[in-house]
>>> print(open('upload.txt').read())   # compact mmCIF, C-alpha atoms
# COMPACT_ATOMS: atom_id res chain seq x y z
CA MET A 538 45.76 -17.36 -5.48
CA ARG A 539 45.10 -20.86 -4.06
CA VAL A 540 41.84 -22.18 -5.52
CA LEU A 541 39.56 -25.16 -4.90
CA LEU A 542 37.05 -26.13 -7.63
CA ILE A 543 34.08 -28.28 -6.61
CA GLY A 544 32.52 -30.62 -9.18
CA SER A 545 33.29 -33.44 -11.58
CA GLY A 546 31.46 -32.81 -14.87
CA GLY A 547 32.09 -31.29 -18.27
CA ARG A 548 31.19 -27.83 -16.97
CA GLU A 549 33.84 -28.16 -14.26
CA HIS A 550 36.45 -29.39 -16.75
CA ALA A 551 35.77 -26.27 -18.85
CA LEU A 552 36.07 -24.04 -15.76
CA ALA A 553 39.27 -25.82 -14.68
CA TRP A 554 40.81 -25.46 -18.15
CA LYS A 555 40.07 -21.73 -18.18
CA LEU A 556 40.97 -21.03 -14.53
CA ALA A 557 44.31 -22.83 -14.92
CA GLN A 558 45.31 -20.29 -17.59
CA SER A 559 45.20 -17.45 -15.04
CA PRO A 560 48.56 -15.90 -14.10
CA LEU A 561 47.01 -15.28 -10.65
CA MET A 562 46.73 -19.03 -9.97
CA THR A 563 49.41 -20.41 -7.62
CA GLU A 564 47.84 -23.68 -6.43
CA PHE A 565 44.80 -25.43 -7.90
CA TYR A 566 42.77 -28.29 -6.41
CA ALA A 567 39.54 -29.96 -7.53
CA ALA A 568 37.11 -32.16 -5.61
CA PRO A 569 36.28 -34.75 -6.77
CA GLY A 570 37.26 -33.84 -10.35
CA ASN A 571 37.66 -36.22 -13.30
CA PRO A 572 40.55 -37.39 -15.53
CA GLY A 573 40.24 -34.27 -17.72
CA ILE A 574 40.29 -31.91 -14.74
CA ALA A 575 43.37 -33.79 -13.46
CA GLU A 576 45.33 -32.26 -16.37
CA HIS A 577 44.88 -28.83 -14.75
CA ALA A 578 44.39 -29.35 -10.99
CA THR A 579 45.35 -31.71 -8.16
CA LEU A 580 42.37 -33.99 -7.49
CA VAL A 581 41.21 -34.33 -3.88
CA GLY A 582 39.01 -37.14 -2.51
CA LEU A 583 36.74 -34.83 -0.52
CA ASP A 584 33.09 -35.55 0.25
CA VAL A 585 31.65 -32.21 -0.88
CA ASP A 586 28.44 -32.92 1.10
CA ASP A 587 30.56 -32.82 4.28
CA HIS A 588 30.93 -29.07 4.68
CA ASP A 589 33.20 -29.39 7.72
CA ALA A 590 35.58 -31.58 5.71
CA VAL A 591 35.65 -29.03 2.87
CA ILE A 592 36.35 -26.19 5.32
CA GLY A 593 39.04 -28.27 7.03
CA PHE A 594 40.77 -28.88 3.70
CA CYS A 595 40.57 -25.18 2.81
CA LYS A 596 42.19 -24.23 6.10
CA GLU A 597 44.86 -26.92 5.84
CA LYS A 598 45.85 -25.79 2.32
CA SER A 599 45.27 -22.04 2.95
CA ILE A 600 42.73 -21.91 0.12
CA ASP A 601 41.92 -18.31 -0.88
CA PHE A 602 38.92 -18.98 -3.09
CA VAL A 603 36.42 -21.78 -3.75
CA VAL A 604 34.54 -22.08 -7.07
CA VAL A 605 31.41 -24.25 -6.87
CA GLY A 606 30.44 -25.76 -10.22
CA PRO A 607 27.19 -27.78 -9.80
CA GLU A 608 23.84 -26.76 -8.37
CA ALA A 609 23.26 -29.48 -5.74
CA PRO A 610 26.02 -28.33 -3.32
CA LEU A 611 24.80 -24.73 -3.65
CA VAL A 612 21.19 -25.67 -2.84
CA ALA A 613 22.61 -27.68 0.11
CA GLY A 614 24.29 -24.53 1.49
CA ILE A 615 27.99 -25.12 0.85
CA ALA A 616 28.53 -21.43 0.03
CA ASP A 617 26.97 -20.39 3.36
CA ALA A 618 29.27 -22.73 5.28
CA LEU A 619 32.38 -21.45 3.48
CA ARG A 620 31.42 -17.79 3.94
CA ALA A 621 30.76 -18.38 7.63
CA ALA A 622 34.30 -19.79 7.88
CA GLY A 623 35.73 -16.65 6.24
CA ILE A 624 36.50 -18.30 2.88
CA ALA A 625 35.65 -16.44 -0.35
CA VAL A 626 33.36 -18.49 -2.57
CA PHE A 627 31.82 -18.19 -6.04
CA GLY A 628 28.20 -19.27 -5.78
CA PRO A 629 24.95 -18.16 -4.12
CA SER A 630 23.68 -18.88 -0.62
CA ALA A 631 21.19 -21.72 -0.14
CA ALA A 632 18.40 -19.12 0.14
CA ALA A 633 19.40 -17.47 -3.15
CA ALA A 634 19.96 -20.86 -4.81
CA GLN A 635 16.21 -21.48 -4.47
CA LEU A 636 16.02 -19.72 -7.85
CA GLU A 637 17.09 -23.09 -9.24
CA GLY A 638 16.17 -25.33 -6.32
CA SER A 639 12.46 -24.43 -6.49
CA LYS A 640 10.65 -23.62 -9.73
CA GLY A 641 7.74 -22.29 -7.65
CA PHE A 642 10.02 -19.89 -5.74
CA THR A 643 11.27 -18.45 -9.04
CA LYS A 644 7.77 -18.04 -10.46
CA ASP A 645 6.69 -16.24 -7.27
CA ILE A 646 9.67 -13.86 -7.59
CA CYS A 647 8.67 -13.20 -11.22
CA ALA A 648 5.09 -12.43 -10.18
CA ARG A 649 6.20 -10.13 -7.36
CA TYR A 650 8.69 -8.12 -9.45
CA ASP A 651 6.81 -8.10 -12.77
CA ILE A 652 9.37 -10.23 -14.62
CA PRO A 653 7.96 -11.55 -17.94
CA THR A 654 7.29 -15.30 -17.75
CA GLY A 655 4.53 -17.78 -18.56
CA ALA A 656 1.38 -17.81 -16.41
CA TYR A 657 1.55 -20.58 -13.80
CA GLN A 658 0.02 -22.42 -10.86
CA ARG A 659 1.67 -24.52 -8.11
CA PHE A 660 0.20 -27.84 -6.92
CA ASN A 661 1.03 -30.34 -4.17
CA ASN A 662 -1.45 -33.01 -5.21
CA GLY A 663 -2.24 -34.84 -8.44
CA PRO A 664 -6.03 -34.45 -8.80
CA LYS A 665 -5.96 -30.64 -8.55
CA ALA A 666 -3.02 -30.44 -10.95
CA LYS A 667 -4.83 -32.67 -13.45
CA ALA A 668 -8.04 -30.66 -13.18
CA TYR A 669 -6.05 -27.50 -13.98
CA VAL A 670 -4.44 -29.14 -17.02
CA ARG A 671 -7.81 -30.33 -18.33
CA ALA A 672 -9.21 -26.81 -17.92
CA GLN A 673 -6.22 -25.15 -19.64
CA GLY A 674 -5.66 -27.68 -22.44
CA ALA A 675 -2.41 -28.33 -24.32
CA PRO A 676 0.31 -27.52 -25.16
CA ILE A 677 1.29 -26.93 -21.53
CA VAL A 678 4.43 -27.32 -19.42
CA VAL A 679 4.72 -29.55 -16.32
CA LYS A 680 7.76 -29.08 -14.05
CA ALA A 681 8.91 -30.92 -10.94
CA ASP A 682 9.51 -28.14 -8.42
CA GLY A 683 12.96 -29.27 -7.24
CA LEU A 684 16.29 -30.36 -8.72
CA ALA A 685 15.87 -33.23 -11.20
CA ALA A 686 19.18 -33.16 -13.12
CA GLY A 687 17.60 -31.37 -16.07
CA LYS A 688 14.97 -34.08 -16.56
CA GLY A 689 12.01 -32.83 -14.49
CA VAL A 690 10.42 -30.70 -17.21
CA THR A 691 7.81 -31.96 -19.69
CA VAL A 692 6.69 -29.77 -22.57
CA ALA A 693 3.39 -31.62 -23.14
CA MET A 694 1.86 -31.26 -26.58
CA THR A 695 -1.26 -33.22 -25.51
CA VAL A 696 -3.36 -33.28 -22.33
CA GLU A 697 -2.59 -37.00 -21.95
CA GLU A 698 1.15 -36.32 -22.00
CA ALA A 699 0.71 -33.64 -19.31
CA LEU A 700 -1.37 -35.98 -17.11
CA ALA A 701 1.32 -38.68 -17.42
CA ALA A 702 4.00 -36.13 -16.43
CA ILE A 703 1.98 -35.20 -13.32
CA ASP A 704 1.77 -38.90 -12.41
CA ASP A 705 5.55 -39.23 -12.85
CA CYS A 706 6.14 -36.36 -10.41
CA PHE A 707 3.74 -37.49 -7.70
CA GLU A 708 4.64 -41.18 -8.05
CA GLY A 709 8.30 -40.48 -7.28
CA ALA A 710 10.05 -40.50 -10.67
CA PHE A 711 12.09 -37.46 -9.52
CA GLY A 712 12.21 -38.24 -5.80
CA GLU A 713 11.57 -35.31 -3.47
CA ALA A 714 11.92 -32.91 -6.42
CA GLY A 715 8.45 -33.97 -7.60
CA ALA A 716 6.62 -33.47 -4.30
CA GLU A 717 5.26 -30.22 -5.76
CA VAL A 718 4.66 -29.39 -9.42
CA VAL A 719 4.54 -26.12 -11.28
CA ILE A 720 2.26 -26.03 -14.32
CA GLU A 721 2.77 -23.14 -16.67
CA ALA A 722 1.66 -21.77 -19.99
CA TYR A 723 3.47 -22.97 -23.09
CA LEU A 724 5.58 -20.16 -24.57
CA ASP A 725 5.98 -20.16 -28.34
CA GLY A 726 9.27 -18.87 -29.73
CA GLU A 727 12.98 -19.65 -29.87
CA GLU A 728 14.89 -20.69 -26.76
CA ALA A 729 18.17 -19.06 -25.74
CA SER A 730 20.47 -19.13 -22.73
CA PHE A 731 21.82 -15.90 -21.24
CA PHE A 732 24.60 -15.74 -18.65
CA CYS A 733 25.29 -12.86 -16.30
CA LEU A 734 27.56 -12.53 -13.27
CA CYS A 735 26.18 -10.85 -10.15
CA ASP A 736 27.72 -9.80 -6.83
CA GLY A 737 24.43 -8.84 -5.15
CA LYS A 738 24.53 -5.20 -6.28
CA HIS A 739 26.14 -5.19 -9.72
CA ALA A 740 25.55 -7.32 -12.81
CA LEU A 741 27.98 -8.08 -15.65
CA ALA A 742 26.49 -9.54 -18.82
CA LEU A 743 28.55 -12.43 -20.18
CA ALA A 744 27.45 -14.19 -23.36
CA THR A 745 24.60 -16.09 -24.98
CA ALA A 746 24.21 -19.70 -26.08
CA GLN A 747 21.64 -22.15 -27.38
CA ASP A 748 21.52 -25.79 -26.36
CA HIS A 749 19.77 -28.87 -27.72
CA LYS A 750 17.85 -30.59 -24.93
CA ARG A 751 16.22 -33.47 -26.80
CA VAL A 752 18.16 -36.68 -27.36
CA GLY A 753 17.47 -37.14 -31.09
CA ASP A 754 18.26 -35.36 -34.34
CA GLY A 755 15.70 -32.76 -35.32
CA ASP A 756 15.10 -32.02 -31.62
CA THR A 757 13.09 -35.23 -31.17
CA GLY A 758 12.80 -37.71 -28.31
CA PRO A 759 12.95 -37.20 -24.55
CA ASN A 760 14.58 -34.25 -22.80
CA THR A 761 18.14 -34.68 -21.53
CA GLY A 762 20.59 -32.55 -19.59
CA GLY A 763 21.72 -31.22 -23.00
CA MET A 764 23.13 -32.93 -26.12
CA GLY A 765 25.14 -29.98 -27.43
CA ALA A 766 25.31 -26.19 -27.53
CA TYR A 767 26.73 -23.27 -29.44
CA SER A 768 27.57 -19.64 -28.73
CA PRO A 769 26.63 -16.94 -29.52
CA ALA A 770 22.88 -17.41 -29.98
CA PRO A 771 21.89 -15.48 -33.14
CA VAL A 772 18.41 -14.73 -31.77
CA MET A 773 20.01 -12.77 -28.89
CA THR A 774 20.70 -9.48 -30.65
CA SER A 775 22.20 -6.56 -28.71
CA GLU A 776 18.69 -5.12 -28.39
CA MET A 777 17.39 -8.43 -26.97
CA ILE A 778 20.30 -8.57 -24.49
CA ASP A 779 19.51 -5.01 -23.31
CA ARG A 780 15.84 -5.94 -22.83
CA THR A 781 16.82 -9.10 -20.94
CA MET A 782 19.05 -7.10 -18.59
CA LYS A 783 16.41 -4.42 -17.93
CA LYS A 784 13.29 -6.61 -17.75
CA ILE A 785 14.63 -9.86 -16.27
CA ILE A 786 18.13 -9.75 -14.73
CA GLU A 787 18.06 -6.36 -12.96
CA PRO A 788 14.57 -6.83 -11.42
CA THR A 789 15.66 -10.29 -10.20
CA MET A 790 18.81 -8.87 -8.65
CA ARG A 791 16.83 -6.12 -6.89
CA GLY A 792 14.06 -8.52 -5.88
CA MET A 793 16.46 -11.04 -4.36
CA ALA A 794 18.18 -8.30 -2.34
CA GLU A 795 14.83 -6.89 -1.16
CA SER A 796 13.71 -10.41 -0.19
CA GLY A 797 16.77 -10.74 2.06
CA HIS A 798 18.54 -13.20 -0.29
CA PRO A 799 21.11 -11.10 -2.22
CA PHE A 800 22.39 -13.13 -5.15
CA SER A 801 26.12 -13.68 -5.68
CA GLY A 802 27.22 -15.95 -8.52
CA VAL A 803 26.04 -16.53 -12.08
CA PHE A 804 22.51 -16.05 -13.33
CA PHE A 805 21.82 -18.58 -16.07
CA ALA A 806 18.53 -17.40 -17.54
CA GLY A 807 16.73 -19.86 -19.77
CA LEU A 808 14.73 -17.62 -22.10
CA MET A 809 12.02 -17.95 -24.71
CA ILE A 810 12.17 -15.20 -27.30
CA THR A 811 8.48 -14.71 -28.09
CA ALA A 812 6.57 -12.14 -30.15
CA LYS A 813 6.50 -10.03 -26.94
CA GLY A 814 10.28 -10.23 -26.44
CA PRO A 815 12.35 -12.24 -23.94
CA GLU A 816 10.39 -14.22 -21.34
CA LEU A 817 11.94 -16.25 -18.52
CA ILE A 818 11.50 -20.03 -18.67
CA GLU A 819 13.70 -20.78 -15.67
CA TYR A 820 16.78 -19.71 -13.73
CA ASN A 821 19.81 -21.83 -12.98
CA VAL A 822 22.33 -20.60 -10.42
CA ARG A 823 25.45 -22.07 -12.03
CA PHE A 824 26.97 -22.21 -15.48
CA GLY A 825 25.11 -24.39 -17.96
CA ASP A 826 26.34 -27.79 -19.00
CA PRO A 827 27.20 -27.96 -21.94
CA GLU A 828 26.82 -24.17 -22.41
CA CYS A 829 29.78 -23.44 -20.11
CA GLN A 830 32.06 -25.33 -22.48
CA VAL A 831 31.30 -23.05 -25.45
CA LEU A 832 31.42 -19.91 -23.28
CA MET A 833 34.88 -20.75 -21.95
CA MET A 834 36.17 -21.36 -25.50
CA ARG A 835 35.06 -17.83 -26.46
CA LEU A 836 36.12 -15.94 -23.30
CA LYS A 837 39.31 -13.96 -23.91
CA SER A 838 39.51 -12.45 -20.41
CA ASP A 839 41.05 -14.11 -17.36
CA LEU A 840 38.18 -16.01 -15.67
CA LEU A 841 39.62 -16.04 -12.15
CA PRO A 842 39.33 -12.29 -11.34
CA LEU A 843 35.81 -12.23 -12.83
CA LEU A 844 34.58 -14.97 -10.49
CA HIS A 845 36.52 -13.54 -7.54
CA ALA A 846 34.87 -10.12 -8.13
CA CYS A 847 31.47 -11.79 -7.63
CA ALA A 848 32.60 -13.14 -4.28
CA THR A 849 34.09 -9.84 -3.08
CA GLY A 850 31.42 -7.38 -4.28
CA THR A 851 33.73 -5.73 -6.83
CA LEU A 852 32.05 -6.76 -10.07
CA ASP A 853 31.77 -3.11 -11.13
CA GLN A 854 35.58 -3.03 -11.38
CA VAL A 855 36.01 -5.79 -14.02
CA THR A 856 35.00 -6.38 -17.64
CA ALA A 857 34.77 -9.45 -19.86
CA GLU A 858 36.14 -9.61 -23.41
CA TRP A 859 34.85 -12.17 -25.91
CA SER A 860 36.10 -13.64 -29.17
CA ASP A 861 33.94 -12.91 -32.21
CA ASP A 862 34.34 -16.57 -33.22
CA ALA A 863 31.53 -19.04 -32.66
CA ALA A 864 32.00 -22.15 -30.52
CA LEU A 865 30.05 -25.41 -30.70
CA THR A 866 30.11 -28.52 -28.53
CA VAL A 867 28.74 -31.98 -29.30
CA VAL A 868 27.87 -34.24 -26.35
CA MET A 869 28.91 -37.86 -26.69
CA ALA A 870 26.64 -39.96 -24.47
CA SER A 871 26.38 -43.63 -23.45
CA LYS A 872 24.00 -45.65 -25.63
CA GLY A 873 20.64 -45.79 -23.86
CA TYR A 874 20.88 -42.30 -22.33
CA PRO A 875 18.69 -40.63 -20.99
CA GLY A 876 17.35 -44.09 -20.02
CA SER A 877 19.48 -46.87 -18.55
CA TYR A 878 22.97 -47.45 -19.96
CA ASP A 879 26.04 -49.59 -19.34
CA LYS A 880 28.74 -48.11 -17.12
CA ASN A 881 32.53 -48.51 -17.22
CA THR A 882 32.62 -49.06 -21.00
CA PRO A 883 36.15 -48.52 -22.40
CA ILE A 884 37.12 -45.37 -24.32
CA ALA A 885 39.99 -46.61 -26.48
CA ALA A 886 41.25 -43.27 -27.84
CA LEU A 887 40.57 -39.53 -27.79
CA PRO A 888 41.84 -36.95 -30.31
CA SER A 889 44.50 -34.50 -29.15
CA ASP A 890 43.45 -30.93 -28.41
CA GLY A 891 44.38 -28.42 -31.10
CA GLU A 892 44.06 -24.72 -31.82
CA GLY A 893 40.42 -23.97 -31.10
CA THR A 894 39.51 -27.60 -30.37
CA LYS A 895 39.09 -29.29 -27.00
CA VAL A 896 37.60 -32.52 -25.64
CA PHE A 897 36.09 -31.89 -22.21
CA HIS A 898 35.53 -34.88 -19.91
CA ALA A 899 32.07 -35.09 -18.35
CA GLY A 900 31.42 -38.66 -17.16
CA THR A 901 34.80 -40.42 -17.26
CA ALA A 902 37.09 -42.21 -14.83
CA LEU A 903 40.35 -44.15 -14.86
CA LYS A 904 40.01 -47.88 -14.04
CA ASP A 905 43.30 -49.78 -13.84
CA GLY A 906 44.92 -46.99 -15.84
CA ALA A 907 42.36 -47.14 -18.68
CA LEU A 908 39.80 -44.46 -19.50
CA VAL A 909 36.17 -45.58 -19.08
CA ALA A 910 32.75 -43.95 -19.43
CA THR A 911 30.93 -43.74 -16.10
CA GLY A 912 28.05 -41.36 -16.87
CA GLY A 913 25.20 -40.72 -19.28
CA ARG A 914 26.81 -37.68 -20.86
CA VAL A 915 30.48 -38.56 -21.14
CA LEU A 916 32.45 -36.26 -23.47
CA ASN A 917 32.00 -32.73 -24.87
CA ILE A 918 33.65 -32.43 -28.28
CA THR A 919 34.21 -28.70 -28.72
CA ALA A 920 35.52 -26.46 -31.49
CA THR A 921 35.56 -22.83 -32.58
CA GLY A 922 35.12 -21.31 -36.05
CA LYS A 923 34.41 -18.04 -37.81
CA THR A 924 30.78 -19.22 -38.13
CA VAL A 925 28.63 -21.78 -36.32
CA GLY A 926 28.80 -23.87 -39.48
CA GLU A 927 32.60 -23.89 -39.42
CA ALA A 928 32.66 -24.69 -35.70
CA GLN A 929 30.18 -27.53 -36.31
CA LYS A 930 32.31 -29.02 -39.12
CA ARG A 931 35.42 -28.98 -36.92
CA ALA A 932 33.59 -30.44 -33.90
CA TYR A 933 32.18 -33.37 -35.89
CA GLU A 934 35.58 -34.07 -37.48
CA LEU A 935 36.96 -34.25 -33.93
CA ALA A 936 34.08 -36.49 -32.81
CA GLY A 937 34.91 -38.89 -35.64
CA ALA A 938 38.32 -39.49 -34.06
CA VAL A 939 36.86 -40.67 -30.72
CA GLN A 940 37.16 -44.45 -30.34
CA TRP A 941 34.34 -45.48 -28.01
CA ASP A 942 32.04 -48.29 -29.12
CA ASN A 943 29.29 -47.49 -26.59
CA GLY A 944 29.05 -43.80 -27.46
CA PHE A 945 26.57 -41.89 -29.60
CA HIS A 946 25.88 -38.26 -30.47
CA ARG A 947 23.40 -36.12 -32.34
CA ASN A 948 24.42 -35.16 -35.87
CA ASP A 949 22.74 -31.76 -36.15
CA ILE A 950 23.93 -29.59 -33.25
CA GLY A 951 23.67 -25.93 -34.29
CA TRP A 952 21.13 -26.51 -37.08
CA ARG A 953 19.05 -23.41 -36.29
CA ALA A 954 22.05 -21.07 -36.48
CA ILE A 955 23.39 -22.77 -39.61
CA GLU A 956 20.01 -22.35 -41.34
CA ARG A 957 20.30 -18.62 -40.61
CA GLU A 958 23.85 -18.51 -41.96
CA THR A 959 22.93 -20.22 -45.22
>>> encode(input="upload.txt", output="C-alpha cells")
Amino acid sequence: MRVLLIGSGGREHALAWKLAQSPLMTEFYAAPGNPGIAEHATLVGLDVDDHDAVIGFCKEKSIDFVVVGPEAPLVAGIADALRAAGIAVFGPSAAAAQLEGSKGFTKDICARYDIPTGAYQRFNNGPKAKAYVRAQGAPIVVKADGLAAGKGVTVAMTVEEALAAIDDCFEGAFGEAGAEVVIEAYLDGEEASFFCLCDGKHALALATAQDHKRVGDGDTGPNTGGMGAYSPAPVMTSEMIDRTMKKIIEPTMRGMAESGHPFSGVFFAGLMITAKGPELIEYNVRFGDPECQVLMMRLKSDLLPLLHACATGTLDQVTAEWSDDAALTVVMASKGYPGSYDKNTPIAALPSDGEGTKVFHAGTALKDGALVATGGRVLNITATGKTVGEAQKRAYELAGAVQWDNGFHRNDIGWRAIERET
C-alpha cells in the first residue's frame, strides 16, 4: 500500500513509526514531516492547505491511502477533498470534524442525544457571558468555541479568573476561535482519555490514557497542549469502558449519522470520571498528542489495516491487540512554553532508541545539518514498563541523556497512577 501521512508533530512521528512497521506498506511519504518522521518516510514539501496540490501529489505517486494526523486540516475539509477525488482517507469530513472544531456543536449533540456532560450555555458577547458566570459562581469552565491548539480552555476556580478568560476570548487571544464561548459546569472527578475508531457504522474501542495538561509539577500553572501522558489509565476499568461505549461513543456515532454527518476516523473522548460515572468534557477528532505516543508503544496489532478499515467501512472485520505493559511519555519543551520561547535552539545529542524506549520528535528541524528545536513542545521521551512506575523510571533516565540547554520537563508525569501502585 502506498501511503501519505499529513502532519509534522510528535503524534505524527508516533503514527509514522508504527505505520512503517506494517508489512502492507510499499511506499511511505509524509507532508511536511519532521526529522524523526524522516527516519520512516520520504518527506514531501507539500502545502497541506492546498487541497488541489495534495490531490495532485496523490495521483502522481498513485497513493492508495492518506492518514491525516492533526485537527486543523480535517476542520478545513481535506478529507472531503480527498474522498471526492476517489482517494481513501483516515479522518472525518469537515462537517463531522465540528465535534472538535466547535465546542458548542459538540454540546448541542450531547443535549440532543442524552450524552452525559456538564450543563452549558453558549455566548457570542462578553456582557451576557459575564452575567451568566456571576449568576453561576465558581468553579466554572470557560472555553473558546473553536480550535485554539489546546489552550482555549480555562478551568476557573474563581469568578474573577472566569471573567478574565471571557475577556481573553472576546479580545482576540485565540483569534477567530474565541468569537463564541461555551461556559459549562465544573465537573469534579478524575480525567481520562478514551480512544475509539469509527467507520460511521461500527466502533472499535482502542485504549485509555491520562495526560498532564498543566505546565508545572503537581499539575500547577497554565494549561498546555500536554506535558506528558501514560497508558492505560487506571481509573478506566473494564466496567467504565463499557459505560463509555454505551453512554457516550455509541450515541455520538448514531447521532452524527442521523444528523447527516457520519463520523469516520478516531473519537478521542476527553472524560471526567465523576461520582455519576463517565461524563464527556470534549471530543477531539484525531489522536491525542502526547497520548498517541503511549498508545502506539502499547499497540501490538498492525496499525495500517485498522486505519484503512475506518476509511473503507470494514471496521467490524478487524481487531486490536494491546500489550499489558504500561507506557509513559515525558514532553520536553522550550523554556518559556506555553508563553514565548526562543526558536532554533540547538539540540546537541539525543539518546538512541532501545527495547521499549523511543524519542519522538515533535517540534524539531534540521538547520545546516544540525538538529534544532523549533516549537514549544519539542521532544516526547517515551518508555514502557511492567508498571507505570517502571515506565516512568525508564523515561526519566532517557530524558537525562538529552543534551539540550533550552529544554525543560515536568518531573512527576504519571504521579496519580504511581500513587495507586504504591
>>> atom_distance(input="upload.txt", atom1="atom CA of Gly614 of chain A", atom2="atom CA of Gly628 of chain A")
9.8 Å
>>> residues_around(input="upload.txt", residues="Glu637 of chain A", least_positions_apart="6", cutoff="6 Å", atoms="all atoms listed in the file", output="ChimeraX atom specification")
/A:820-822
>>> atom_distance(input="upload.txt", atom1="atom CA of Glu958 of chain A", atom2="atom CA of Gly765 of chain A")
18.6 Å
>>> residues_near_point(input="upload.txt", point="(24.5, -23.9, 6.2)", cutoff="12 Å", atoms="all atoms listed in the file", output="list in words")
Asp586, Asp587, His588, Asp589, Pro610, Leu611, Val612, Ala613, Gly614, Ile615, Ala616, Asp617, Ala618, Leu619, Arg620, Ala621, Ala622, Pro629, Ser630, Ala631 and Ala632 of chain A
>>> write_last_selection(input="upload.txt", atoms="C-alpha atoms", output="short mmCIF file (atom, residue, chain, number, x, y, z; two decimals), in the frame of the given file")
data_model
loop_
_atom_site.label_atom_id
_atom_site.label_comp_id
_atom_site.auth_asym_id
_atom_site.auth_seq_id
_atom_site.Cartn_x
_atom_site.Cartn_y
_atom_site.Cartn_z
CA ASP A 586 28.44 -32.92 1.10
CA ASP A 587 30.56 -32.82 4.28
CA HIS A 588 30.93 -29.07 4.68
CA ASP A 589 33.20 -29.39 7.72
CA PRO A 610 26.02 -28.33 -3.32
CA LEU A 611 24.80 -24.73 -3.65
CA VAL A 612 21.19 -25.67 -2.84
CA ALA A 613 22.61 -27.68 0.11
CA GLY A 614 24.29 -24.53 1.49
CA ILE A 615 27.99 -25.12 0.85
CA ALA A 616 28.53 -21.43 0.03
CA ASP A 617 26.97 -20.39 3.36
CA ALA A 618 29.27 -22.73 5.28
CA LEU A 619 32.38 -21.45 3.48
CA ARG A 620 31.42 -17.79 3.94
CA ALA A 621 30.76 -18.38 7.63
CA ALA A 622 34.30 -19.79 7.88
CA PRO A 629 24.95 -18.16 -4.12
CA SER A 630 23.68 -18.88 -0.62
CA ALA A 631 21.19 -21.72 -0.14
CA ALA A 632 18.40 -19.12 0.14
#
>>> atom_distance(input="upload.txt", atom1="atom CA of Pro653 of chain A", atom2="atom CA of Gly641 of chain A")
14.9 Å
>>> closest_residue(input="upload.txt", among="A:His739, A:Lys680, A:Lys783, A:Lys813", to="Val855 of chain A", atoms="all atoms listed in the file")
A:His739
>>> closest_residue(input="upload.txt", among="A:Ala729, A:Ile677, A:Ala710, A:Ile652", to="Met777 of chain A", atoms="all atoms listed in the file")
A:Ala729
>>> residues_around(input="upload.txt", residues="segment 770-773 of chain A", least_positions_apart="2", cutoff="7 Å", atoms="all atoms listed in the file", output="ChimeraX atom specification")
/A:729,745-747,768,775,777-778,954
>>> closest_residue(input="upload.txt", among="A:His798, A:His749, A:Arg931, A:Lys923", to="Asp949 of chain A", atoms="all atoms listed in the file")
A:His749
>>> decode(input="upload.txt", residues="segment 626-660 of chain A", atoms="C-alpha atoms", output="PDB file, in the first residue's frame")
ATOM      1  CA  VAL A 626      -8.509   8.784   3.750  1.00  0.00           C
ATOM      2  CA  PHE A 627      -8.374   8.296   7.522  1.00  0.00           C
ATOM      3  CA  GLY A 628     -10.140  11.233   9.125  1.00  0.00           C
ATOM      4  CA  PRO A 629     -13.627  12.756   9.337  1.00  0.00           C
ATOM      5  CA  SER A 630     -15.348  15.159   6.955  1.00  0.00           C
ATOM      6  CA  ALA A 631     -15.320  18.871   7.786  1.00  0.00           C
ATOM      7  CA  ALA A 632     -18.942  18.559   8.962  1.00  0.00           C
ATOM      8  CA  ALA A 633     -18.084  15.676  11.312  1.00  0.00           C
ATOM      9  CA  ALA A 634     -14.872  17.398  12.446  1.00  0.00           C
ATOM     10  CA  GLN A 635     -17.060  20.082  14.039  1.00  0.00           C
ATOM     11  CA  LEU A 636     -17.018  17.750  17.059  1.00  0.00           C
ATOM     12  CA  GLU A 637     -13.590  19.267  17.699  1.00  0.00           C
ATOM     13  CA  GLY A 638     -13.864  22.434  15.638  1.00  0.00           C
ATOM     14  CA  SER A 639     -16.808  23.781  17.661  1.00  0.00           C
ATOM     15  CA  LYS A 640     -17.271  23.134  21.380  1.00  0.00           C
ATOM     16  CA  GLY A 641     -20.844  24.431  21.054  1.00  0.00           C
ATOM     17  CA  PHE A 642     -21.651  21.941  18.272  1.00  0.00           C
ATOM     18  CA  THR A 643     -20.490  19.074  20.494  1.00  0.00           C
ATOM     19  CA  LYS A 644     -22.502  20.269  23.486  1.00  0.00           C
ATOM     20  CA  ASP A 645     -25.605  20.548  21.288  1.00  0.00           C
ATOM     21  CA  ILE A 646     -25.081  16.952  20.073  1.00  0.00           C
ATOM     22  CA  CYS A 647     -24.761  15.843  23.716  1.00  0.00           C
ATOM     23  CA  ALA A 648     -28.006  17.608  24.624  1.00  0.00           C
ATOM     24  CA  ARG A 649     -29.868  16.149  21.648  1.00  0.00           C
ATOM     25  CA  TYR A 650     -28.736  12.542  22.204  1.00  0.00           C
ATOM     26  CA  ASP A 651     -28.690  12.500  26.017  1.00  0.00           C
ATOM     27  CA  ILE A 652     -24.915  12.081  26.303  1.00  0.00           C
ATOM     28  CA  PRO A 653     -23.700  12.799  29.875  1.00  0.00           C
ATOM     29  CA  THR A 654     -21.768  16.088  30.034  1.00  0.00           C
ATOM     30  CA  GLY A 655     -21.656  19.260  32.116  1.00  0.00           C
ATOM     31  CA  ALA A 656     -24.532  21.755  31.857  1.00  0.00           C
ATOM     32  CA  TYR A 657     -23.622  24.615  29.499  1.00  0.00           C
ATOM     33  CA  GLN A 658     -24.571  27.832  27.733  1.00  0.00           C
ATOM     34  CA  ARG A 659     -23.194  29.391  24.508  1.00  0.00           C
ATOM     35  CA  PHE A 660     -22.454  33.133  24.212  1.00  0.00           C
TER      36      PHE A 660
END
